[in-house]
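Peer 1: Okay, handing you the structure first.
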Amino acid sequence: MIVIQNMGGIAPMITPMDLPDRMAQTASNVILYKGGACALKAPTSVMTPTKAGTKKTIYRFGIGQPETQYWFTWTTPVNVVKGPVASDTTQRTYYTGDGVPKKTDMTLGLTGGTSYPIAYYNMGVPAPTVAPALTQVAGAGPTVQESRAYVYTNVTAWGEESAPSPATIGTADATHVIQVSGFESAPTGSYNVVKRYIYRTVSSSAGTNYYWVGEILSAATSFTDSVAATGIGEALVTLDWDVPPDDLAGLIALPSGALCGFSGKQVCFSVPNFPYAWPGKYRLTCDYEIVAVAPMGQGVAVLTTGYPYFINTGDPDSAQMIRVEEEAPCVSARSVVTVQGSVMYASPNGLVALSPSGTDVVTKKMFDRETWQATVDPTALFAVKWDNKYVAFKATGGFVLDIDGNLTTHSVDATAAYVDPQTDNLYLAVGTEIKKWNYGSALTATWKSKLYNVPAPTNFSCFQLNAVTYGNLTFKMYVNGTLAYSVAVTGANPYRLPAGSLQQRYEFEVVGTDQWTQLAIANSVQELKSV
């Protein structure tokens with residue numbers, strides 16, 4: 001008697017006869033659930049974006065909004081993160097991969113059309129490049145003559161402040177104060193600069209720092225500093241706050257409040273909780289071109305065209321990078337997913353899981369290099385984490401790998417995927433539509449067993465298929481590689497198999513849309529009673 005239960009996934013590199021008893025030659029459109037097998041459902045339509053072109057990125061904007069509203073879409077691979085901004089009610093959102101790094105919010109992104117995002121600002125705030133001009137003017141200045149340095153910064157309507165301009169030194173005394181002028185014109189383009197902050201140096205036992213003395217609108221031409229030493233404001237903190245590189249890519253958000261991305265061979269961090277500020281000192285350099293970065297615990301995984309790297313923390317001030325001494329190149333940035341503390345991604349040899357302890361090719365028992373390259377095309381693979389599974393898509397269809405190591409295939413074609421962090425719903429770009437994964441009518445699932453080579457020629461006399469429901473299930477038996485018997489199964493009673501043929505090589509298949517839990521093939525009905 002053969003009993004099939006606790007069904008598993010496929011392993012194409014293993015010959016059908018050598019498969020473990022619970023594994024399959026085919027496990028298509030199957031969800032392996034609580035020891036049973038049920039059909040994956042077709043994706044159901046949610047909405048149709050108005051933006052033209054094949055979508056490579058989709059992102060649901062608008063917390064608390066219906067799923068039919070406000071989908072950001074792009075025809076290129078784009079990385080999008082919600083901004084780590086305290087007390088933000090406008091849902092500031094930051095993204096890379098669509099030209100220079102950008103940011104948007106509810107007003108910019110949603111106003112003026114439906115091909116979202118409609119508008120944006122450039123992510124960084126450029127510093128002035130022209131030093132201020134200083135003039136002595138009559139006024140009640142310090143009782144003791146002071147030599148002061150002045151700088152100014154650009155400030156956006158969002159309250160984002162740039163690094164300072166070059167400095168100019170002037171002198172104030174008891175009868176003269178300093179008038180600051182000669183400001184560089186506010187940067188043109190998508191920067192949203194509306195005012196300037198003026199700073200001057202103040203010396204103390206702790207050293208010399210710049211302190212705020214006033215602000216002016218960006219169109220103003222001068223500022224007169226008559227602020228007494230007791231009236232100065234906060235110290236300048238943006239001294240080295242650079243704009244992000246124009247080619248910043250792979251944007252991710254970290255628990256520290258910093259954003260992280262990469263430019264060429266450099267890993268780049270923003271100032272924690274200030275996503276527009278990317279100091280040069282917060283950059284680490286690899287030996288290889290970077291393909292993607294991903295959160296891993298409290299640190300960052302850096303995936304390259306050669307060795308992977310691990311950054312020990314998401315705090316840029318103390319970040320250190322270590323090369324993992326196992327060559328495991330990443331061949332698709334869109335394949336990178338964090339699952340249960342490991343970062344999984346497509347390599348030339350299979351699906352790699354990277355953890356602080358090293359790398360492991362998790363598909364090594366399912367695919368050899370040649371089978372992986374031929375059947376998957378890892379360079380075109382993209383994936384998401386859904387329901388604690390690695391859900392992948394390729395040119396046609398894809399596969400699902402669960403935490404128990406079961407790999408099943410699916411026939412759903414998509415060009416982009418997004419998992420809503422609040423609902424854990426998986427959404428797909430399918431043709432012109434956005435669809436919700438596993439929400440429509442059941443697809444036809446197929447699970448085909450290993451090839452059983454029984455010890456002696458046998459004519460199995462009956463079978464029994466235990467299922468939750470029996471609306472659409474078909475049992476098939478193959479003998480010596482040829483379909484020998486097929487029947488629609490309508491209940492849990494045993495079914496008779498054809499008599500008169502002693503054979504040794506058998507395969508069994510269940511096809512349909514209902515969930516089933518066990519298949520038993522026996523030489524007698526009495527044997528079935530013992531299952």
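Chains: A, B, ... in order of the structure tokens. Residues: from 1 per chain. Ligands: from 1, in order shown.
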Any idea what's packed within 12 Å of A:Thr230, counting only C-alpha atoms, ignoring anything in its chain fewer than 4 positions away? Could you give it as a list in words?
Peer 2: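 Residues meeting the cut-off are Pro142, Val202, Tyr211, Trp212, Val213, Ser226 and Glu234 of chain A.
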Peer 1: Residues of the last selection are to be written out with C-alpha atoms, as an mmCIF file, in the first residue's frame.
Peer 2:
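Saved the output as again.cif:
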```
data_model
loop_
_atom_site.group_PDB
_atom_site.id
_atom_site.type_symbol
_atom_site.label_atom_id
_atom_site.label_comp_id
_atom_site.auth_asym_id
_atom_site.auth_seq_id
_atom_site.Cartn_x
_atom_site.Cartn_y
_atom_site.Cartn_z
ATOM 1 C CA PRO A 142 28.611 94.303 21.472
ATOM 2 C CA VAL A 202 29.913 82.433 19.037
ATOM 3 C CA TYR A 211 24.268 79.827 16.169
ATOM 4 C CA TRP A 212 20.965 80.925 14.644
ATOM 5 C CA VAL A 213 20.358 84.680 14.689
ATOM 6 C CA SER A 226 21.392 93.241 15.970
ATOM 7 C CA GLU A 234 20.111 76.897 18.421
#
```
Peer 1: Check stretch 293-435 of chain A with DSSP on the backbone and list each residue it calls helix (DSSP H, G or I), as JSON, numbers by chain.
Peer 2: {"A": [316, 317, 318, 333, 334, 335, 369, 370, 371, 372, 373, 374, 375, 376, 378, 379, 380]}
Peer 1: Store the residues picked out above, limited to C-alpha atoms, as a PDB file, in the first residue's frame.
Peer 2:
```pdb
ATOM      1  CA  PRO A 316      25.325  55.589  10.531  1.00  0.00           C
ATOM      2  CA  ASP A 317      27.581  56.989  13.276  1.00  0.00           C
ATOM      3  CA  SER A 318      28.818  53.545  14.268  1.00  0.00           C
ATOM      4  CA  ALA A 333      17.793  43.529  -7.295  1.00  0.00           C
ATOM      5  CA  ARG A 334      14.053  42.874  -7.552  1.00  0.00           C
ATOM      6  CA  SER A 335      14.524  39.349  -6.168  1.00  0.00           C
ATOM      7  CA  ARG A 369      22.986  25.363 -11.418  1.00  0.00           C
ATOM      8  CA  GLU A 370      21.975  24.259 -14.910  1.00  0.00           C
ATOM      9  CA  THR A 371      18.334  23.549 -13.995  1.00  0.00           C
ATOM     10  CA  TRP A 372      18.076  26.828 -12.078  1.00  0.00           C
ATOM     11  CA  GLN A 373      19.437  28.855 -14.982  1.00  0.00           C
ATOM     12  CA  ALA A 374      17.305  27.078 -17.559  1.00  0.00           C
ATOM     13  CA  THR A 375      13.949  27.036 -15.752  1.00  0.00           C
ATOM     14  CA  VAL A 376      14.020  30.187 -13.642  1.00  0.00           C
ATOM     15  CA  PRO A 378      17.313  34.380 -12.167  1.00  0.00           C
ATOM     16  CA  THR A 379      18.262  37.718 -13.765  1.00  0.00           C
ATOM     17  CA  ALA A 380      14.568  38.404 -14.481  1.00  0.00           C
TER      18      ALA A 380
END
```
Peer 1: Mind checking which residues fall within 12 Å of A:Thr75, counting only C-alpha atoms, ignoring those fewer than 5 positions away in the same chain, and posting them as an mmCIF file with N, CA, C and O atoms, in the first residue's frame?
Peer 2:
```
data_model
loop_
_atom_site.group_PDB
_atom_site.id
_atom_site.type_symbol
_atom_site.label_atom_id
_atom_site.label_comp_id
_atom_site.auth_asym_id
_atom_site.auth_seq_id
_atom_site.Cartn_x
_atom_site.Cartn_y
_atom_site.Cartn_z
ATOM 1 N N PRO A 49 -4.896 51.434 -13.153
ATOM 2 C CA PRO A 49 -4.211 52.734 -13.149
ATOM 3 C C PRO A 49 -4.326 53.411 -14.512
ATOM 4 O O PRO A 49 -4.417 52.752 -15.548
ATOM 5 N N LYS A 51 -1.928 55.469 -15.677
ATOM 6 C CA LYS A 51 -0.606 55.639 -16.271
ATOM 7 C C LYS A 51 -0.362 54.537 -17.301
ATOM 8 O O LYS A 51 -0.601 53.358 -17.031
ATOM 9 N N ALA A 52 0.126 54.906 -18.463
ATOM 10 C CA ALA A 52 0.358 53.953 -19.544
ATOM 11 C C ALA A 52 1.649 53.188 -19.318
ATOM 12 O O ALA A 52 2.516 53.591 -18.534
ATOM 13 N N GLY A 53 1.795 52.069 -20.026
ATOM 14 C CA GLY A 53 3.033 51.323 -20.002
ATOM 15 C C GLY A 53 2.990 50.129 -19.063
ATOM 16 O O GLY A 53 2.141 50.022 -18.181
ATOM 17 N N THR A 54 3.953 49.216 -19.260
ATOM 18 C CA THR A 54 4.067 48.030 -18.408
ATOM 19 C C THR A 54 4.616 48.428 -17.048
ATOM 20 O O THR A 54 5.690 49.019 -16.943
ATOM 21 N N LYS A 55 3.899 48.098 -15.995
ATOM 22 C CA LYS A 55 4.287 48.511 -14.653
ATOM 23 C C LYS A 55 5.370 47.593 -14.098
ATOM 24 O O LYS A 55 5.213 46.379 -14.056
ATOM 25 N N LYS A 56 6.476 48.195 -13.657
ATOM 26 C CA LYS A 56 7.546 47.451 -12.991
ATOM 27 C C LYS A 56 7.548 47.706 -11.479
ATOM 28 O O LYS A 56 8.213 46.984 -10.734
ATOM 29 N N THR A 57 6.827 48.750 -11.043
ATOM 30 C CA THR A 57 6.711 49.055 -9.619
ATOM 31 C C THR A 57 5.300 49.546 -9.337
ATOM 32 O O THR A 57 4.784 50.397 -10.066
ATOM 33 N N ILE A 58 4.695 49.013 -8.269
ATOM 34 C CA ILE A 58 3.412 49.529 -7.776
ATOM 35 C C ILE A 58 3.549 49.761 -6.276
ATOM 36 O O ILE A 58 4.274 49.054 -5.578
ATOM 37 N N GLY A 97 15.132 55.611 -8.230
ATOM 38 C CA GLY A 97 14.951 54.792 -9.418
ATOM 39 C C GLY A 97 14.198 55.494 -10.525
ATOM 40 O O GLY A 97 14.058 54.965 -11.626
ATOM 41 N N ASP A 98 13.712 56.698 -10.251
ATOM 42 C CA ASP A 98 12.978 57.491 -11.238
ATOM 43 C C ASP A 98 13.727 58.803 -11.444
ATOM 44 O O ASP A 98 13.246 59.876 -11.089
ATOM 45 N N SER A 115 -2.518 59.878 -12.728
ATOM 46 C CA SER A 115 -1.330 59.051 -12.996
ATOM 47 C C SER A 115 -0.321 59.289 -11.884
ATOM 48 O O SER A 115 0.702 59.954 -12.063
ATOM 49 N N THR A 415 3.960 41.657 -13.630
ATOM 50 C CA THR A 415 5.166 42.440 -13.922
ATOM 51 C C THR A 415 5.660 43.224 -12.717
ATOM 52 O O THR A 415 6.752 43.780 -12.748
ATOM 53 N N ALA A 416 4.876 43.287 -11.642
ATOM 54 C CA ALA A 416 5.283 43.973 -10.413
ATOM 55 C C ALA A 416 4.431 43.437 -9.274
ATOM 56 O O ALA A 416 3.335 42.904 -9.490
ATOM 57 N N ALA A 429 0.746 43.779 -10.501
ATOM 58 C CA ALA A 429 0.466 44.446 -11.767
ATOM 59 C C ALA A 429 0.331 43.349 -12.814
ATOM 60 O O ALA A 429 1.299 42.638 -13.118
ATOM 61 N N THR A 432 -2.922 45.655 -17.661
ATOM 62 C CA THR A 432 -3.226 47.058 -17.345
ATOM 63 C C THR A 432 -3.809 47.220 -15.954
ATOM 64 O O THR A 432 -4.060 48.348 -15.529
#
```
Peer 1: Residues within 10 Å of A:Asp360, please, as an MDAnalysis selection string. Count only C-alpha atoms; anything in the same chain fewer than 3 positions from it doesn't count.
Peer 2: chainID A and resid 326 328 344 350:355 357 363:364
Peer 1: Would you save the residues from that selection as a short mmCIF file (atom, residue, chain, number, x, y, z; two decimals), in the first residue's frame, using C-alpha atoms?
Peer 2:
```cif
data_model
loop_
_atom_site.label_atom_id
_atom_site.label_comp_id
_atom_site.auth_asym_id
_atom_site.auth_seq_id
_atom_site.Cartn_x
_atom_site.Cartn_y
_atom_site.Cartn_z
CA GLU A 326 31.58 33.33 0.48
CA ALA A 328 27.41 34.77 -3.73
CA MET A 344 16.98 35.97 0.24
CA GLY A 350 20.09 29.31 -6.87
CA LEU A 351 18.19 31.20 -4.24
CA VAL A 352 20.59 32.41 -1.54
CA ALA A 353 19.74 33.12 2.10
CA LEU A 354 22.18 35.52 3.75
CA SER A 355 22.37 35.82 7.53
CA SER A 357 26.49 33.61 10.02
CA THR A 363 17.40 25.69 -3.32
CA LYS A 364 20.49 23.48 -3.55
#
```
Peer 1: Could you produce a table of the residues of stretch 31-144 of chain A lying within 12 Å of stretch 290-300 of chain A, with the nearest pair of atoms per residue and their separation in Å rounded to one decimal, using only C-alpha atoms, ordered by chain and increasing residue number, as a Markdown table?
Peer 2:
```
| residue | atom | partner | partner_atom | distance |
| --- | --- | --- | --- | --- |
| A:Pro77 | CA | A:Ala292 | CA | 11.9 |
| A:Val78 | CA | A:Ala292 | CA | 11.9 |
| A:Asn79 | CA | A:Ala292 | CA | 10.3 |
```
Peer 1: Counting only C-alpha atoms, what is within 12 Å of A:Gln69, bar same-chain residues fewer than 2 positions away, as a PyMOL selection string?
Peer 2: chain A and resi 46-50+59-67+71-72+110+114-116+434
Peer 1: Could you take the residues named above and write them with N, CA, C and O atoms, as a PDB file, in the first residue's frame?
Peer 2:
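Output saved as again.pdb:
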```pdb
ATOM      1  N   VAL A  46      -8.540  44.819  -8.751  1.00  0.00           N
ATOM      2  CA  VAL A  46      -8.784  45.870  -7.755  1.00  0.00           C
ATOM      3  C   VAL A  46      -9.065  47.204  -8.432  1.00  0.00           C
ATOM      4  O   VAL A  46     -10.013  47.898  -8.116  1.00  0.00           O
ATOM      5  N   MET A  47      -8.213  47.591  -9.383  1.00  0.00           N
ATOM      6  CA  MET A  47      -8.402  48.836 -10.118  1.00  0.00           C
ATOM      7  C   MET A  47      -7.479  48.851 -11.333  1.00  0.00           C
ATOM      8  O   MET A  47      -6.600  47.997 -11.467  1.00  0.00           O
ATOM      9  N   THR A  48      -7.708  49.837 -12.200  1.00  0.00           N
ATOM     10  CA  THR A  48      -6.884  50.006 -13.393  1.00  0.00           C
ATOM     11  C   THR A  48      -6.215  51.373 -13.353  1.00  0.00           C
ATOM     12  O   THR A  48      -6.895  52.394 -13.460  1.00  0.00           O
ATOM     13  N   PRO A  49      -4.896  51.434 -13.153  1.00  0.00           N
ATOM     14  CA  PRO A  49      -4.211  52.734 -13.149  1.00  0.00           C
ATOM     15  C   PRO A  49      -4.326  53.411 -14.512  1.00  0.00           C
ATOM     16  O   PRO A  49      -4.417  52.752 -15.548  1.00  0.00           O
ATOM     17  N   THR A  50      -4.287  54.729 -14.492  1.00  0.00           N
ATOM     18  CA  THR A  50      -4.376  55.471 -15.758  1.00  0.00           C
ATOM     19  C   THR A  50      -3.020  55.669 -16.417  1.00  0.00           C
ATOM     20  O   THR A  50      -2.963  55.999 -17.598  1.00  0.00           O
ATOM     21  N   TYR A  59       2.856  50.784  -5.782  1.00  0.00           N
ATOM     22  CA  TYR A  59       2.959  51.159  -4.371  1.00  0.00           C
ATOM     23  C   TYR A  59       1.636  51.787  -3.953  1.00  0.00           C
ATOM     24  O   TYR A  59       1.177  52.740  -4.577  1.00  0.00           O
ATOM     25  N   ARG A  60       1.020  51.228  -2.908  1.00  0.00           N
ATOM     26  CA  ARG A  60      -0.263  51.766  -2.450  1.00  0.00           C
ATOM     27  C   ARG A  60      -0.015  52.910  -1.476  1.00  0.00           C
ATOM     28  O   ARG A  60       0.492  52.713  -0.378  1.00  0.00           O
ATOM     29  N   PHE A  61      -0.401  54.089  -1.888  1.00  0.00           N
ATOM     30  CA  PHE A  61      -0.208  55.299  -1.085  1.00  0.00           C
ATOM     31  C   PHE A  61      -1.521  55.637  -0.383  1.00  0.00           C
ATOM     32  O   PHE A  61      -2.595  55.445  -0.925  1.00  0.00           O
ATOM     33  N   GLY A  62      -1.417  56.171   0.826  1.00  0.00           N
ATOM     34  CA  GLY A  62      -2.610  56.626   1.530  1.00  0.00           C
ATOM     35  C   GLY A  62      -3.068  55.667   2.594  1.00  0.00           C
ATOM     36  O   GLY A  62      -3.910  54.804   2.350  1.00  0.00           O
ATOM     37  N   ILE A  63      -2.512  55.792   3.801  1.00  0.00           N
ATOM     38  CA  ILE A  63      -2.900  54.915   4.901  1.00  0.00           C
ATOM     39  C   ILE A  63      -4.369  55.144   5.243  1.00  0.00           C
ATOM     40  O   ILE A  63      -4.829  56.271   5.376  1.00  0.00           O
ATOM     41  N   GLY A  64      -5.109  54.044   5.370  1.00  0.00           N
ATOM     42  CA  GLY A  64      -6.522  54.149   5.721  1.00  0.00           C
ATOM     43  C   GLY A  64      -7.443  54.362   4.537  1.00  0.00           C
ATOM     44  O   GLY A  64      -8.670  54.395   4.695  1.00  0.00           O
ATOM     45  N   GLN A  65      -6.881  54.488   3.341  1.00  0.00           N
ATOM     46  CA  GLN A  65      -7.702  54.683   2.156  1.00  0.00           C
ATOM     47  C   GLN A  65      -8.114  53.325   1.574  1.00  0.00           C
ATOM     48  O   GLN A  65      -7.449  52.314   1.784  1.00  0.00           O
ATOM     49  N   PRO A  66      -9.234  53.284   0.826  1.00  0.00           N
ATOM     50  CA  PRO A  66      -9.637  52.026   0.183  1.00  0.00           C
ATOM     51  C   PRO A  66      -8.542  51.539  -0.770  1.00  0.00           C
ATOM     52  O   PRO A  66      -7.787  52.331  -1.324  1.00  0.00           O
ATOM     53  N   GLU A  67      -8.486  50.226  -0.973  1.00  0.00           N
ATOM     54  CA  GLU A  67      -7.436  49.664  -1.830  1.00  0.00           C
ATOM     55  C   GLU A  67      -7.583  50.071  -3.294  1.00  0.00           C
ATOM     56  O   GLU A  67      -6.653  49.888  -4.081  1.00  0.00           O
ATOM     57  N   TRP A  71      -2.874  54.502  -6.200  1.00  0.00           N
ATOM     58  CA  TRP A  71      -1.749  53.624  -6.500  1.00  0.00           C
ATOM     59  C   TRP A  71      -0.682  54.394  -7.265  1.00  0.00           C
ATOM     60  O   TRP A  71      -0.940  54.937  -8.332  1.00  0.00           O
ATOM     61  N   PHE A  72       0.528  54.454  -6.682  1.00  0.00           N
ATOM     62  CA  PHE A  72       1.676  54.985  -7.385  1.00  0.00           C
ATOM     63  C   PHE A  72       2.204  53.865  -8.290  1.00  0.00           C
ATOM     64  O   PHE A  72       2.374  52.720  -7.842  1.00  0.00           O
ATOM     65  N   LEU A 110      -0.946  63.659  -5.276  1.00  0.00           N
ATOM     66  CA  LEU A 110      -2.322  63.342  -5.651  1.00  0.00           C
ATOM     67  C   LEU A 110      -3.047  64.469  -6.366  1.00  0.00           C
ATOM     68  O   LEU A 110      -4.197  64.276  -6.792  1.00  0.00           O
ATOM     69  N   THR A 114      -4.494  61.698 -12.249  1.00  0.00           N
ATOM     70  CA  THR A 114      -4.647  60.373 -11.639  1.00  0.00           C
ATOM     71  C   THR A 114      -3.475  59.442 -11.924  1.00  0.00           C
ATOM     72  O   THR A 114      -3.457  58.321 -11.426  1.00  0.00           O
ATOM     73  N   SER A 115      -2.518  59.878 -12.728  1.00  0.00           N
ATOM     74  CA  SER A 115      -1.330  59.051 -12.996  1.00  0.00           C
ATOM     75  C   SER A 115      -0.321  59.289 -11.884  1.00  0.00           C
ATOM     76  O   SER A 115       0.702  59.954 -12.063  1.00  0.00           O
ATOM     77  N   TYR A 116      -0.607  58.724 -10.724  1.00  0.00           N
ATOM     78  CA  TYR A 116       0.164  59.009  -9.508  1.00  0.00           C
ATOM     79  C   TYR A 116       1.552  58.355  -9.552  1.00  0.00           C
ATOM     80  O   TYR A 116       1.699  57.269 -10.117  1.00  0.00           O
ATOM     81  N   ILE A 434      -4.305  46.343 -11.598  1.00  0.00           N
ATOM     82  CA  ILE A 434      -3.747  45.908 -10.326  1.00  0.00           C
ATOM     83  C   ILE A 434      -4.713  44.881  -9.745  1.00  0.00           C
ATOM     84  O   ILE A 434      -5.916  45.131  -9.642  1.00  0.00           O
TER      85      ILE A 434
END
```
Peer 1: For A:Tyr427, work out the shell of residues within 6 Å, counting only C-alpha atoms and skipping chain neighbours fewer than 4 positions away, then give it as a list in words.
Peer 2: Ala417, Tyr418, Lys435, Lys436 and Trp437 of chain A
Peer 1: Of the candidates A:Ala42, A:Leu519, A:Ala27, A:Val487, which one gets nearest to A:Thr446 if we count only C-alpha atoms?
Peer 2: A:Ala27
Peer 1: Hey, what's within 9 Å of A:Glu327 if we count only C-alpha atoms and toss same-chain stuff fewer than 4 positions away? As a list in words, please?
Peer 2: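 Using only C-alpha atoms, the neighbours found are Gly306, Tyr307, Pro308 and Thr359 of chain A.
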